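A quick write-up on the structure given underneath.
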Amino acid sequence: MLSPEAQMQFLLMLRNRGVPDHVLQAMEKVPRNMFVEGHFQTHALDDMALPIDAGQTISQPSVVAKMTEALEVGSRHKVLEIGTGSGYQAAILSHLARRVYSLERHRKLSIKARARIDALNLRNVIITTGDGSLGMPDQSPFDRILLTAAAEDPPANLLEQLRMGGIMVLPVGQSDAVQSLIKIEKTEKGLNYTELGEVRFVPLVAGIAKNDGG
Ligand code: SAH
């Protein structure tokens, strides 16, 4: 368990970094220690990425906050997340959106993430094992799309599944280099790109993972 003092410190750290209130309120409702395991739980409130199963990572809280803010999620929005990982980002989005679909290519991760989402009784999150680069054509269009794995270019399938007027946030760049977080707004006149700074994410990998023990 985390002490209330530690939680308070965590939220203050984020506030000092300029995280707006609506994002802080959503993050306050999601105990990050539930999304990591073993020894890493003692670092759950540190502002750093931490290892999870299958060689993946739960993102740094300040980066989760930044992406959540950039996505401008509203209570009527249907959101697609690519890269469920631990389920932490999906849980935060669930407090802001109407419905959250999250895709993960490692079955083992999606099973664990679903159990955490169930334990928190978040009923508007649907986690599916699948290849996120294909998106979810059946459920499209989406008001918002968030990638938490780095693509070399914004995937065309996902841009297609974004509603007109919608926003997509993703890290772009080579996996072994510094990547750039970008926000894309889909307008009648075309796509508007905004750069939001440097980030480092695991790469978007095509296909469902084989033999991950799940
Ligand atoms: N959002 C996560 C952190 C994501 S780490 C959290 O809050 O914990 C990035 C995740 O993207 C990894 O779990 C990785 O397996 C997944 N991933 C990479 N390529 C993918 C793809 N094509 N489809 C679905 N998931 C993918």
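Chain identifiers are assigned as A, B, and so on, following the order in which chains appear in the structure tokens; residues are numbered from 1 within each chain, and ligands are numbered from 1 in order of appearance.
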
Closest-contact table, segment 155-196 of chain A side, partner segment 76-88 of chain A, 10 Å, counting only C-alpha atoms, as a Markdown table:
```
| residue | atom | partner | partner_atom | distance |
| --- | --- | --- | --- | --- |
| A:Leu158 | CA | A:Leu80 | CA | 9.3 |
| A:Gln161 | CA | A:Leu80 | CA | 9.5 |
| A:Leu162 | CA | A:Leu80 | CA | 9.2 |
| A:Arg163 | CA | A:Lys78 | CA | 10.0 |
| A:Gly166 | CA | A:His77 | CA | 9.6 |
| A:Ile167 | CA | A:Val79 | CA | 9.8 |
| A:Met168 | CA | A:Leu80 | CA | 9.3 |
| A:Val169 | CA | A:Glu81 | CA | 9.7 |
| A:Leu170 | CA | A:Ile82 | CA | 9.4 |
```

Okay, now the selection with N, CA and C atoms, as an mmCIF file, in the first residue's frame?
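Full text of again_7.cif as output:
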```
data_model
loop_
_atom_site.group_PDB
_atom_site.id
_atom_site.type_symbol
_atom_site.label_atom_id
_atom_site.label_comp_id
_atom_site.auth_asym_id
_atom_site.auth_seq_id
_atom_site.Cartn_x
_atom_site.Cartn_y
_atom_site.Cartn_z
ATOM 1 N N LEU A 158 -4.630 3.859 -38.742
ATOM 2 C CA LEU A 158 -5.131 4.563 -37.562
ATOM 3 C C LEU A 158 -5.636 5.953 -37.931
ATOM 4 N N GLN A 161 -9.007 5.643 -39.144
ATOM 5 C CA GLN A 161 -10.021 5.334 -38.129
ATOM 6 C C GLN A 161 -10.265 6.488 -37.152
ATOM 7 N N LEU A 162 -9.587 7.602 -37.401
ATOM 8 C CA LEU A 162 -9.780 8.797 -36.563
ATOM 9 C C LEU A 162 -10.915 9.633 -37.151
ATOM 10 N N ARG A 163 -11.833 10.024 -36.290
ATOM 11 C CA ARG A 163 -12.969 10.842 -36.731
ATOM 12 C C ARG A 163 -12.493 12.215 -37.231
ATOM 13 N N GLY A 166 -10.954 14.823 -35.001
ATOM 14 C CA GLY A 166 -10.344 14.041 -33.920
ATOM 15 C C GLY A 166 -8.863 14.338 -33.722
ATOM 16 N N ILE A 167 -8.328 13.808 -32.631
ATOM 17 C CA ILE A 167 -6.914 14.033 -32.272
ATOM 18 C C ILE A 167 -6.223 12.696 -32.047
ATOM 19 N N MET A 168 -5.009 12.605 -32.598
ATOM 20 C CA MET A 168 -4.178 11.412 -32.359
ATOM 21 C C MET A 168 -2.849 11.886 -31.769
ATOM 22 N N VAL A 169 -2.391 11.207 -30.732
ATOM 23 C CA VAL A 169 -1.103 11.542 -30.105
ATOM 24 C C VAL A 169 -0.221 10.305 -30.174
ATOM 25 N N LEU A 170 1.022 10.499 -30.612
ATOM 26 C CA LEU A 170 1.919 9.339 -30.715
ATOM 27 C C LEU A 170 3.383 9.749 -30.718
#
```

Let me have all residues with an atom within 6 Å of ligand 1, counting only C-alpha atoms and all ligand atoms, laid out as an mmCIF file with all heavy atoms, in the first residue's frame.
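Output saved as selection_27.cif:
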```cif
data_model
loop_
_atom_site.group_PDB
_atom_site.id
_atom_site.type_symbol
_atom_site.label_atom_id
_atom_site.label_comp_id
_atom_site.auth_asym_id
_atom_site.auth_seq_id
_atom_site.Cartn_x
_atom_site.Cartn_y
_atom_site.Cartn_z
ATOM 1 N N GLN A 56 8.603 -5.145 -21.647
ATOM 2 C CA GLN A 56 7.973 -3.852 -21.947
ATOM 3 C C GLN A 56 8.073 -2.946 -20.726
ATOM 4 O O GLN A 56 8.625 -3.329 -19.693
ATOM 5 C CB GLN A 56 6.523 -4.070 -22.371
ATOM 6 C CG GLN A 56 6.382 -5.068 -23.522
ATOM 7 C CD GLN A 56 7.142 -4.634 -24.772
ATOM 8 O OE1 GLN A 56 7.087 -3.482 -25.169
ATOM 9 N NE2 GLN A 56 7.870 -5.563 -25.386
ATOM 10 N N THR A 57 7.549 -1.746 -20.829
ATOM 11 C CA THR A 57 7.619 -0.805 -19.709
ATOM 12 C C THR A 57 6.297 -0.089 -19.488
ATOM 13 O O THR A 57 5.514 0.102 -20.417
ATOM 14 C CB THR A 57 8.699 0.294 -19.951
ATOM 15 O OG1 THR A 57 8.449 0.906 -21.216
ATOM 16 C CG2 THR A 57 10.095 -0.261 -19.911
ATOM 17 N N ILE A 58 6.059 0.291 -18.238
ATOM 18 C CA ILE A 58 4.979 1.218 -17.907
ATOM 19 C C ILE A 58 5.616 2.600 -18.031
ATOM 20 O O ILE A 58 6.726 2.825 -17.549
ATOM 21 C CB ILE A 58 4.407 0.955 -16.489
ATOM 22 C CG1 ILE A 58 3.334 1.978 -16.112
ATOM 23 C CG2 ILE A 58 5.471 0.911 -15.421
ATOM 24 C CD1 ILE A 58 2.618 1.645 -14.784
ATOM 25 N N SER A 59 4.944 3.511 -18.705
ATOM 26 C CA SER A 59 5.550 4.806 -19.006
ATOM 27 C C SER A 59 5.740 5.667 -17.752
ATOM 28 O O SER A 59 5.104 5.445 -16.726
ATOM 29 C CB SER A 59 4.688 5.564 -20.010
ATOM 30 O OG SER A 59 4.339 4.737 -21.084
ATOM 31 N N ILE A 82 -3.269 2.267 -28.322
ATOM 32 C CA ILE A 82 -2.455 1.172 -28.861
ATOM 33 C C ILE A 82 -1.286 0.955 -27.914
ATOM 34 O O ILE A 82 -0.480 1.870 -27.698
ATOM 35 C CB ILE A 82 -1.913 1.526 -30.274
ATOM 36 C CG1 ILE A 82 -3.044 1.962 -31.220
ATOM 37 C CG2 ILE A 82 -1.126 0.347 -30.837
ATOM 38 C CD1 ILE A 82 -4.144 0.969 -31.412
ATOM 39 N N GLY A 83 -1.198 -0.252 -27.358
ATOM 40 C CA GLY A 83 -0.126 -0.567 -26.407
ATOM 41 C C GLY A 83 -0.630 -0.491 -24.980
ATOM 42 O O GLY A 83 -0.284 0.407 -24.221
ATOM 43 N N THR A 84 -1.466 -1.469 -24.593
ATOM 44 C CA THR A 84 -2.054 -1.487 -23.239
ATOM 45 C C THR A 84 -0.978 -1.577 -22.169
ATOM 46 O O THR A 84 -1.103 -0.938 -21.121
ATOM 47 C CB THR A 84 -2.980 -2.723 -23.072
ATOM 48 O OG1 THR A 84 -3.860 -2.799 -24.185
ATOM 49 C CG2 THR A 84 -3.760 -2.666 -21.776
ATOM 50 N N GLY A 85 0.057 -2.379 -22.426
ATOM 51 C CA GLY A 85 1.123 -2.581 -21.435
ATOM 52 C C GLY A 85 0.536 -3.029 -20.112
ATOM 53 O O GLY A 85 -0.156 -4.043 -20.026
ATOM 54 N N SER A 86 0.769 -2.245 -19.062
ATOM 55 C CA SER A 86 0.248 -2.568 -17.730
ATOM 56 C C SER A 86 -1.242 -2.262 -17.585
ATOM 57 O O SER A 86 -1.893 -2.742 -16.661
ATOM 58 C CB SER A 86 1.006 -1.736 -16.688
ATOM 59 O OG SER A 86 0.680 -0.353 -16.861
ATOM 60 N N GLY A 87 -1.764 -1.380 -18.439
ATOM 61 C CA GLY A 87 -3.156 -0.933 -18.314
ATOM 62 C C GLY A 87 -3.287 0.406 -17.594
ATOM 63 O O GLY A 87 -4.391 0.941 -17.442
ATOM 64 N N TYR A 88 -2.153 0.970 -17.152
ATOM 65 C CA TYR A 88 -2.188 2.215 -16.363
ATOM 66 C C TYR A 88 -2.788 3.390 -17.149
ATOM 67 O O TYR A 88 -3.710 4.064 -16.680
ATOM 68 C CB TYR A 88 -0.759 2.543 -15.911
ATOM 69 C CG TYR A 88 -0.633 3.787 -15.052
ATOM 70 C CD1 TYR A 88 -1.244 3.869 -13.810
ATOM 71 C CD2 TYR A 88 0.131 4.872 -15.487
ATOM 72 C CE1 TYR A 88 -1.111 5.008 -13.010
ATOM 73 C CE2 TYR A 88 0.276 6.005 -14.694
ATOM 74 C CZ TYR A 88 -0.350 6.072 -13.465
ATOM 75 O OH TYR A 88 -0.214 7.197 -12.689
ATOM 76 N N GLN A 89 -2.282 3.600 -18.356
ATOM 77 C CA GLN A 89 -2.798 4.710 -19.164
ATOM 78 C C GLN A 89 -4.285 4.505 -19.490
ATOM 79 O O GLN A 89 -5.069 5.453 -19.452
ATOM 80 C CB GLN A 89 -1.963 4.817 -20.452
ATOM 81 C CG GLN A 89 -2.469 5.813 -21.470
ATOM 82 C CD GLN A 89 -2.152 7.260 -21.121
ATOM 83 O OE1 GLN A 89 -0.999 7.693 -21.183
ATOM 84 N NE2 GLN A 89 -3.169 8.019 -20.736
ATOM 85 N N LEU A 103 -5.554 -1.913 -27.225
ATOM 86 C CA LEU A 103 -5.024 -3.088 -27.919
ATOM 87 C C LEU A 103 -3.593 -3.369 -27.470
ATOM 88 O O LEU A 103 -2.783 -2.444 -27.364
ATOM 89 C CB LEU A 103 -4.991 -2.828 -29.428
ATOM 90 C CG LEU A 103 -6.288 -3.018 -30.208
ATOM 91 C CD1 LEU A 103 -6.099 -2.511 -31.640
ATOM 92 C CD2 LEU A 103 -6.704 -4.481 -30.223
ATOM 93 N N GLU A 104 -3.306 -4.643 -27.246
ATOM 94 C CA GLU A 104 -1.963 -5.058 -26.812
ATOM 95 C C GLU A 104 -1.580 -6.324 -27.573
ATOM 96 O O GLU A 104 -2.376 -7.253 -27.672
ATOM 97 C CB GLU A 104 -1.978 -5.308 -25.288
ATOM 98 C CG GLU A 104 -0.747 -5.967 -24.728
ATOM 99 C CD GLU A 104 0.553 -5.220 -25.044
ATOM 100 O OE1 GLU A 104 0.651 -4.027 -24.747
ATOM 101 O OE2 GLU A 104 1.472 -5.848 -25.608
ATOM 102 N N ARG A 105 -0.348 -6.376 -28.073
ATOM 103 C CA ARG A 105 0.067 -7.536 -28.879
ATOM 104 C C ARG A 105 0.560 -8.714 -28.019
ATOM 105 O O ARG A 105 0.683 -9.828 -28.522
ATOM 106 C CB ARG A 105 1.121 -7.141 -29.917
ATOM 107 C CG ARG A 105 2.439 -6.669 -29.364
ATOM 108 C CD ARG A 105 3.365 -6.194 -30.477
ATOM 109 N NE ARG A 105 3.803 -7.279 -31.330
ATOM 110 C CZ ARG A 105 4.841 -8.077 -31.062
ATOM 111 N NH1 ARG A 105 5.545 -7.911 -29.948
ATOM 112 N NH2 ARG A 105 5.195 -9.025 -31.905
ATOM 113 N N HIS A 106 0.866 -8.463 -26.733
ATOM 114 C CA HIS A 106 1.251 -9.566 -25.841
ATOM 115 C C HIS A 106 0.051 -10.010 -25.024
ATOM 116 O O HIS A 106 -0.424 -9.265 -24.156
ATOM 117 C CB HIS A 106 2.360 -9.114 -24.871
ATOM 118 C CG HIS A 106 3.712 -9.009 -25.500
ATOM 119 N ND1 HIS A 106 4.512 -10.107 -25.727
ATOM 120 C CD2 HIS A 106 4.394 -7.947 -25.956
ATOM 121 C CE1 HIS A 106 5.639 -9.722 -26.289
ATOM 122 N NE2 HIS A 106 5.591 -8.414 -26.449
ATOM 123 N N GLY A 130 -4.302 -7.894 -29.780
ATOM 124 C CA GLY A 130 -4.340 -7.717 -31.227
ATOM 125 C C GLY A 130 -3.224 -6.816 -31.691
ATOM 126 O O GLY A 130 -2.490 -6.246 -30.881
ATOM 127 N N ASP A 131 -3.102 -6.712 -32.995
ATOM 128 C CA ASP A 131 -2.081 -5.853 -33.591
ATOM 129 C C ASP A 131 -2.630 -4.439 -33.738
ATOM 130 O O ASP A 131 -3.469 -4.166 -34.593
ATOM 131 C CB ASP A 131 -1.668 -6.417 -34.952
ATOM 132 C CG ASP A 131 -0.575 -5.576 -35.605
ATOM 133 O OD1 ASP A 131 -0.187 -4.529 -35.037
ATOM 134 O OD2 ASP A 131 -0.106 -5.965 -36.689
ATOM 135 N N GLY A 132 -2.120 -3.558 -32.901
ATOM 136 C CA GLY A 132 -2.608 -2.185 -32.871
ATOM 137 C C GLY A 132 -2.369 -1.412 -34.148
ATOM 138 O O GLY A 132 -3.069 -0.430 -34.414
ATOM 139 N N SER A 133 -1.391 -1.829 -34.933
ATOM 140 C CA SER A 133 -1.147 -1.053 -36.161
ATOM 141 C C SER A 133 -2.318 -1.197 -37.134
ATOM 142 O O SER A 133 -2.470 -0.389 -38.048
ATOM 143 C CB SER A 133 0.182 -1.430 -36.805
ATOM 144 O OG SER A 133 0.298 -2.820 -36.905
ATOM 145 N N THR A 148 1.083 4.326 -27.453
ATOM 146 C CA THR A 148 2.096 4.383 -26.403
ATOM 147 C C THR A 148 3.279 3.494 -26.780
ATOM 148 O O THR A 148 4.020 3.013 -25.931
ATOM 149 C CB THR A 148 1.518 3.995 -25.024
ATOM 150 O OG1 THR A 148 1.070 2.644 -25.071
ATOM 151 C CG2 THR A 148 0.351 4.890 -24.654
ATOM 152 N N ALA A 149 3.455 3.280 -28.086
ATOM 153 C CA ALA A 149 4.634 2.625 -28.640
ATOM 154 C C ALA A 149 5.012 3.460 -29.866
ATOM 155 O O ALA A 149 4.141 4.031 -30.528
ATOM 156 C CB ALA A 149 4.322 1.181 -29.032
ATOM 157 N N VAL A 202 9.044 2.164 -26.235
ATOM 158 C CA VAL A 202 9.355 0.913 -26.933
ATOM 159 C C VAL A 202 8.713 0.998 -28.325
ATOM 160 O O VAL A 202 7.768 1.751 -28.527
ATOM 161 C CB VAL A 202 8.831 -0.337 -26.172
ATOM 162 C CG1 VAL A 202 9.498 -0.469 -24.815
ATOM 163 C CG2 VAL A 202 7.317 -0.309 -26.010
ATOM 164 N N PRO A 203 9.247 0.233 -29.289
ATOM 165 C CA PRO A 203 8.721 0.352 -30.654
ATOM 166 C C PRO A 203 7.370 -0.327 -30.854
ATOM 167 O O PRO A 203 7.048 -1.300 -30.169
ATOM 168 C CB PRO A 203 9.789 -0.364 -31.493
ATOM 169 C CG PRO A 203 10.418 -1.335 -30.559
ATOM 170 C CD PRO A 203 10.376 -0.693 -29.199
ATOM 171 N N LEU A 204 6.615 0.202 -31.789
ATOM 172 C CA LEU A 204 5.411 -0.456 -32.277
ATOM 173 C C LEU A 204 5.894 -1.616 -33.146
ATOM 174 O O LEU A 204 6.687 -1.414 -34.068
ATOM 175 C CB LEU A 204 4.600 0.544 -33.111
ATOM 176 C CG LEU A 204 3.227 0.107 -33.568
ATOM 177 C CD1 LEU A 204 2.259 0.088 -32.394
ATOM 178 C CD2 LEU A 204 2.697 1.046 -34.652
ATOM 179 N N VAL A 205 5.447 -2.823 -32.820
ATOM 180 C CA VAL A 205 5.894 -4.020 -33.539
ATOM 181 C C VAL A 205 4.676 -4.659 -34.184
ATOM 182 O O VAL A 205 3.637 -4.820 -33.518
ATOM 183 C CB VAL A 205 6.564 -5.017 -32.560
ATOM 184 C CG1 VAL A 205 6.999 -6.280 -33.271
ATOM 185 C CG2 VAL A 205 7.745 -4.372 -31.854
ATOM 186 N N ALA A 206 4.792 -5.018 -35.453
ATOM 187 C CA ALA A 206 3.634 -5.589 -36.145
ATOM 188 C C ALA A 206 3.328 -7.000 -35.670
ATOM 189 O O ALA A 206 4.234 -7.732 -35.256
ATOM 190 C CB ALA A 206 3.879 -5.580 -37.652
ATOM 191 N N GLY A 207 2.075 -7.393 -35.704
ATOM 192 C CA GLY A 207 1.670 -8.770 -35.421
ATOM 193 C C GLY A 207 1.476 -9.040 -33.941
ATOM 194 O O GLY A 207 1.960 -8.300 -33.082
#
```

Would you kindly return, as a PDB file with C-alpha atoms, in the first residue's frame, each protein, DNA or RNA residue with an atom no farther than 8 Å from any atom of Leu93 of chain A, considering only C-alpha atoms and excluding same-chain residues fewer than 3 positions away?
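Saved to around-v4.pdb:
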```pdb
ATOM      1  CA  ALA A  26      -7.977  11.228 -13.173  1.00  0.00           C
ATOM      2  CA  THR A  68      -3.344  12.554 -21.567  1.00  0.00           C
ATOM      3  CA  VAL A  73     -10.309  13.808 -23.904  1.00  0.00           C
ATOM      4  CA  GLN A  89      -2.798   4.710 -19.164  1.00  0.00           C
ATOM      5  CA  ALA A  90      -6.063   2.983 -20.090  1.00  0.00           C
ATOM      6  CA  LEU A  96     -12.057  11.005 -18.734  1.00  0.00           C
ATOM      7  CA  ALA A  97     -13.657   9.256 -21.700  1.00  0.00           C
ATOM      8  CA  VAL A 100     -11.711   3.200 -23.969  1.00  0.00           C
TER       9      VAL A 100
END
```

Residues near Leu159 of chain A, cut-off 12 Å, only C-alpha atoms, skip fewer than 6 positions along chain, as a PDB file with N, CA, C and O atoms, in the first residue's frame:
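Printed below is result_8.pdb as written:
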```
ATOM      1  N   LEU A  80      -9.223   5.155 -28.558  1.00  0.00           N
ATOM      2  CA  LEU A  80      -8.471   3.938 -28.852  1.00  0.00           C
ATOM      3  C   LEU A  80      -7.037   4.138 -28.377  1.00  0.00           C
ATOM      4  O   LEU A  80      -6.388   5.122 -28.741  1.00  0.00           O
ATOM      5  N   SER A 133      -1.391  -1.829 -34.933  1.00  0.00           N
ATOM      6  CA  SER A 133      -1.147  -1.053 -36.161  1.00  0.00           C
ATOM      7  C   SER A 133      -2.318  -1.197 -37.134  1.00  0.00           C
ATOM      8  O   SER A 133      -2.470  -0.389 -38.048  1.00  0.00           O
ATOM      9  N   LEU A 134      -3.148  -2.212 -36.907  1.00  0.00           N
ATOM     10  CA  LEU A 134      -4.339  -2.369 -37.750  1.00  0.00           C
ATOM     11  C   LEU A 134      -5.532  -1.609 -37.181  1.00  0.00           C
ATOM     12  O   LEU A 134      -6.536  -1.416 -37.859  1.00  0.00           O
ATOM     13  N   GLY A 135      -5.412  -1.206 -35.910  1.00  0.00           N
ATOM     14  CA  GLY A 135      -6.511  -0.505 -35.255  1.00  0.00           C
ATOM     15  C   GLY A 135      -7.686  -1.440 -35.000  1.00  0.00           C
ATOM     16  O   GLY A 135      -7.518  -2.660 -34.913  1.00  0.00           O
ATOM     17  N   MET A 136      -8.888  -0.854 -34.864  1.00  0.00           N
ATOM     18  CA  MET A 136     -10.110  -1.641 -34.669  1.00  0.00           C
ATOM     19  C   MET A 136     -11.170  -1.106 -35.620  1.00  0.00           C
ATOM     20  O   MET A 136     -12.041  -0.332 -35.215  1.00  0.00           O
ATOM     21  N   PRO A 137     -11.082  -1.523 -36.884  1.00  0.00           N
ATOM     22  CA  PRO A 137     -12.002  -0.973 -37.897  1.00  0.00           C
ATOM     23  C   PRO A 137     -13.475  -1.128 -37.487  1.00  0.00           C
ATOM     24  O   PRO A 137     -14.276  -0.227 -37.751  1.00  0.00           O
ATOM     25  N   SER A 140     -14.456   1.739 -35.257  1.00  0.00           N
ATOM     26  CA  SER A 140     -14.121   3.093 -35.699  1.00  0.00           C
ATOM     27  C   SER A 140     -15.384   3.782 -36.240  1.00  0.00           C
ATOM     28  O   SER A 140     -16.352   3.096 -36.593  1.00  0.00           O
ATOM     29  N   PRO A 141     -15.406   5.114 -36.321  1.00  0.00           N
ATOM     30  CA  PRO A 141     -14.280   6.007 -36.032  1.00  0.00           C
ATOM     31  C   PRO A 141     -14.127   6.316 -34.550  1.00  0.00           C
ATOM     32  O   PRO A 141     -15.075   6.220 -33.787  1.00  0.00           O
ATOM     33  N   PHE A 142     -12.907   6.681 -34.183  1.00  0.00           N
ATOM     34  CA  PHE A 142     -12.588   7.068 -32.805  1.00  0.00           C
ATOM     35  C   PHE A 142     -12.418   8.584 -32.720  1.00  0.00           C
ATOM     36  O   PHE A 142     -11.900   9.207 -33.640  1.00  0.00           O
ATOM     37  N   ASP A 143     -12.836   9.145 -31.576  1.00  0.00           N
ATOM     38  CA  ASP A 143     -12.648  10.586 -31.357  1.00  0.00           C
ATOM     39  C   ASP A 143     -11.192  10.902 -31.043  1.00  0.00           C
ATOM     40  O   ASP A 143     -10.692  11.976 -31.360  1.00  0.00           O
ATOM     41  N   ARG A 144     -10.558   9.951 -30.383  1.00  0.00           N
ATOM     42  CA  ARG A 144      -9.169  10.139 -29.960  1.00  0.00           C
ATOM     43  C   ARG A 144      -8.423   8.827 -30.131  1.00  0.00           C
ATOM     44  O   ARG A 144      -8.970   7.758 -29.815  1.00  0.00           O
ATOM     45  N   ILE A 145      -7.159   8.919 -30.573  1.00  0.00           N
ATOM     46  CA  ILE A 145      -6.310   7.722 -30.665  1.00  0.00           C
ATOM     47  C   ILE A 145      -4.958   8.055 -30.030  1.00  0.00           C
ATOM     48  O   ILE A 145      -4.359   9.086 -30.338  1.00  0.00           O
ATOM     49  N   LEU A 146      -4.514   7.169 -29.129  1.00  0.00           N
ATOM     50  CA  LEU A 146      -3.231   7.355 -28.447  1.00  0.00           C
ATOM     51  C   LEU A 146      -2.360   6.136 -28.685  1.00  0.00           C
ATOM     52  O   LEU A 146      -2.788   5.011 -28.445  1.00  0.00           O
ATOM     53  N   LEU A 147      -1.145   6.373 -29.171  1.00  0.00           N
ATOM     54  CA  LEU A 147      -0.179   5.276 -29.284  1.00  0.00           C
ATOM     55  C   LEU A 147       0.833   5.429 -28.169  1.00  0.00           C
ATOM     56  O   LEU A 147       1.376   6.517 -27.959  1.00  0.00           O
ATOM     57  N   ASP A 153       6.317   6.195 -38.636  1.00  0.00           N
ATOM     58  CA  ASP A 153       5.405   7.187 -39.218  1.00  0.00           C
ATOM     59  C   ASP A 153       4.031   6.935 -38.614  1.00  0.00           C
ATOM     60  O   ASP A 153       3.736   5.812 -38.209  1.00  0.00           O
ATOM     61  N   GLY A 165     -12.045  15.907 -37.171  1.00  0.00           N
ATOM     62  CA  GLY A 165     -12.039  16.754 -35.969  1.00  0.00           C
ATOM     63  C   GLY A 165     -11.343  16.063 -34.802  1.00  0.00           C
ATOM     64  O   GLY A 165     -11.181  16.659 -33.738  1.00  0.00           O
ATOM     65  N   GLY A 166     -10.954  14.823 -35.001  1.00  0.00           N
ATOM     66  CA  GLY A 166     -10.344  14.041 -33.920  1.00  0.00           C
ATOM     67  C   GLY A 166      -8.863  14.338 -33.722  1.00  0.00           C
ATOM     68  O   GLY A 166      -8.236  15.020 -34.538  1.00  0.00           O
ATOM     69  N   ILE A 167      -8.328  13.808 -32.631  1.00  0.00           N
ATOM     70  CA  ILE A 167      -6.914  14.033 -32.272  1.00  0.00           C
ATOM     71  C   ILE A 167      -6.223  12.696 -32.047  1.00  0.00           C
ATOM     72  O   ILE A 167      -6.784  11.793 -31.414  1.00  0.00           O
ATOM     73  N   MET A 168      -5.009  12.605 -32.598  1.00  0.00           N
ATOM     74  CA  MET A 168      -4.178  11.412 -32.359  1.00  0.00           C
ATOM     75  C   MET A 168      -2.849  11.886 -31.769  1.00  0.00           C
ATOM     76  O   MET A 168      -2.277  12.867 -32.243  1.00  0.00           O
ATOM     77  N   VAL A 169      -2.391  11.207 -30.732  1.00  0.00           N
ATOM     78  CA  VAL A 169      -1.103  11.542 -30.105  1.00  0.00           C
ATOM     79  C   VAL A 169      -0.221  10.305 -30.174  1.00  0.00           C
ATOM     80  O   VAL A 169      -0.680   9.193 -29.865  1.00  0.00           O
ATOM     81  N   LEU A 170       1.022  10.499 -30.612  1.00  0.00           N
ATOM     82  CA  LEU A 170       1.919   9.339 -30.715  1.00  0.00           C
ATOM     83  C   LEU A 170       3.383   9.749 -30.718  1.00  0.00           C
ATOM     84  O   LEU A 170       3.720  10.862 -31.125  1.00  0.00           O
ATOM     85  N   LYS A 183       1.263  15.509 -31.923  1.00  0.00           N
ATOM     86  CA  LYS A 183      -0.195  15.562 -31.848  1.00  0.00           C
ATOM     87  C   LYS A 183      -0.690  15.865 -33.250  1.00  0.00           C
ATOM     88  O   LYS A 183      -0.196  16.794 -33.898  1.00  0.00           O
ATOM     89  N   ILE A 184      -1.620  15.061 -33.721  1.00  0.00           N
ATOM     90  CA  ILE A 184      -2.168  15.262 -35.062  1.00  0.00           C
ATOM     91  C   ILE A 184      -3.651  15.577 -34.937  1.00  0.00           C
ATOM     92  O   ILE A 184      -4.398  14.834 -34.295  1.00  0.00           O
ATOM     93  N   GLU A 185      -4.077  16.678 -35.531  1.00  0.00           N
ATOM     94  CA  GLU A 185      -5.507  16.996 -35.563  1.00  0.00           C
ATOM     95  C   GLU A 185      -5.991  16.790 -36.988  1.00  0.00           C
ATOM     96  O   GLU A 185      -5.405  17.297 -37.936  1.00  0.00           O
ATOM     97  N   LYS A 186      -7.077  16.022 -37.106  1.00  0.00           N
ATOM     98  CA  LYS A 186      -7.607  15.711 -38.436  1.00  0.00           C
ATOM     99  C   LYS A 186      -8.705  16.727 -38.773  1.00  0.00           C
ATOM    100  O   LYS A 186      -9.732  16.769 -38.104  1.00  0.00           O
ATOM    101  N   THR A 187      -8.442  17.555 -39.751  1.00  0.00           N
ATOM    102  CA  THR A 187      -9.398  18.601 -40.123  1.00  0.00           C
ATOM    103  C   THR A 187      -9.826  18.417 -41.575  1.00  0.00           C
ATOM    104  O   THR A 187      -9.197  17.663 -42.321  1.00  0.00           O
ATOM    105  N   GLY A 190      -7.044  18.969 -43.868  1.00  0.00           N
ATOM    106  CA  GLY A 190      -5.875  18.080 -43.801  1.00  0.00           C
ATOM    107  C   GLY A 190      -5.444  17.853 -42.365  1.00  0.00           C
ATOM    108  O   GLY A 190      -6.193  18.130 -41.428  1.00  0.00           O
ATOM    109  N   LEU A 191      -4.220  17.349 -42.225  1.00  0.00           N
ATOM    110  CA  LEU A 191      -3.718  17.005 -40.892  1.00  0.00           C
ATOM    111  C   LEU A 191      -2.838  18.130 -40.354  1.00  0.00           C
ATOM    112  O   LEU A 191      -1.954  18.623 -41.054  1.00  0.00           O
TER     113      LEU A 191
END
```

### Task
Pick out each residue of segment 2-200 of chain A that DSSP on the backbone tags as helix (DSSP H, G or I); I need them as JSON, numbers by chain.
{"A": [4, 5, 6, 7, 8, 9, 10, 11, 12, 13, 14, 15, 16, 21, 22, 23, 24, 25, 26, 27, 28, 32, 33, 34, 35, 38, 39, 40, 41, 42, 43, 53, 54, 55, 61, 62, 63, 64, 65, 66, 67, 68, 69, 70, 71, 88, 89, 90, 91, 92, 93, 94, 107, 108, 109, 110, 111, 112, 113, 114, 115, 116, 117, 118, 119, 132, 133, 134, 137, 138, 139, 156, 157, 158, 159, 160]}

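Rounded to one decimal, atom CA of Gln139 of chain A and atom CA of Thr194 of chain A lie 26.3 Å from each other.
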
### Task
Going by DSSP on the backbone, which bits of chain A are strand (DSSP E)? Write them as a PyMOL selection string, please.
chain A and resi 50-51+57-58+78-82+99-104+125-129+142-147+162-172+179-187+190-199

### Å distance separating atom CA of Arg114 of chain A from atom CA of Tyr101 of chain A, one decimal place
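Separation of atom CA of Arg114 of chain A and atom CA of Tyr101 of chain A: 11.5 Å.
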
### Task
For Met8 of chain A, work out the shell of residues within 9 Å, counting only C-alpha atoms and skipping chain neighbours fewer than 5 positions away, then give it as an NGL selection string.
:A and (3 or 13 or 28)

### Query
When distances are computed from only C-alpha atoms, which of A:Ile208, A:Ile127, A:Ala49, A:Val36 shows the smallest separation from Ser110 of chain A?
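For Ser110 of chain A, the nearest of the given residues is A:Ile127.
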
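When the distance limit is 9 Å and only C-alpha atoms are what count, the residues near Phe35 of chain A, minus those fewer than 2 positions from it on the same chain, are A:Pro31, A:Arg32, A:Asn33, A:Glu37, A:Gln41, A:Ala44, A:Ile52, A:Ile58, A:Ser86, A:Gly87, A:Tyr88, A:Lys112, A:Ala113, A:Arg116.
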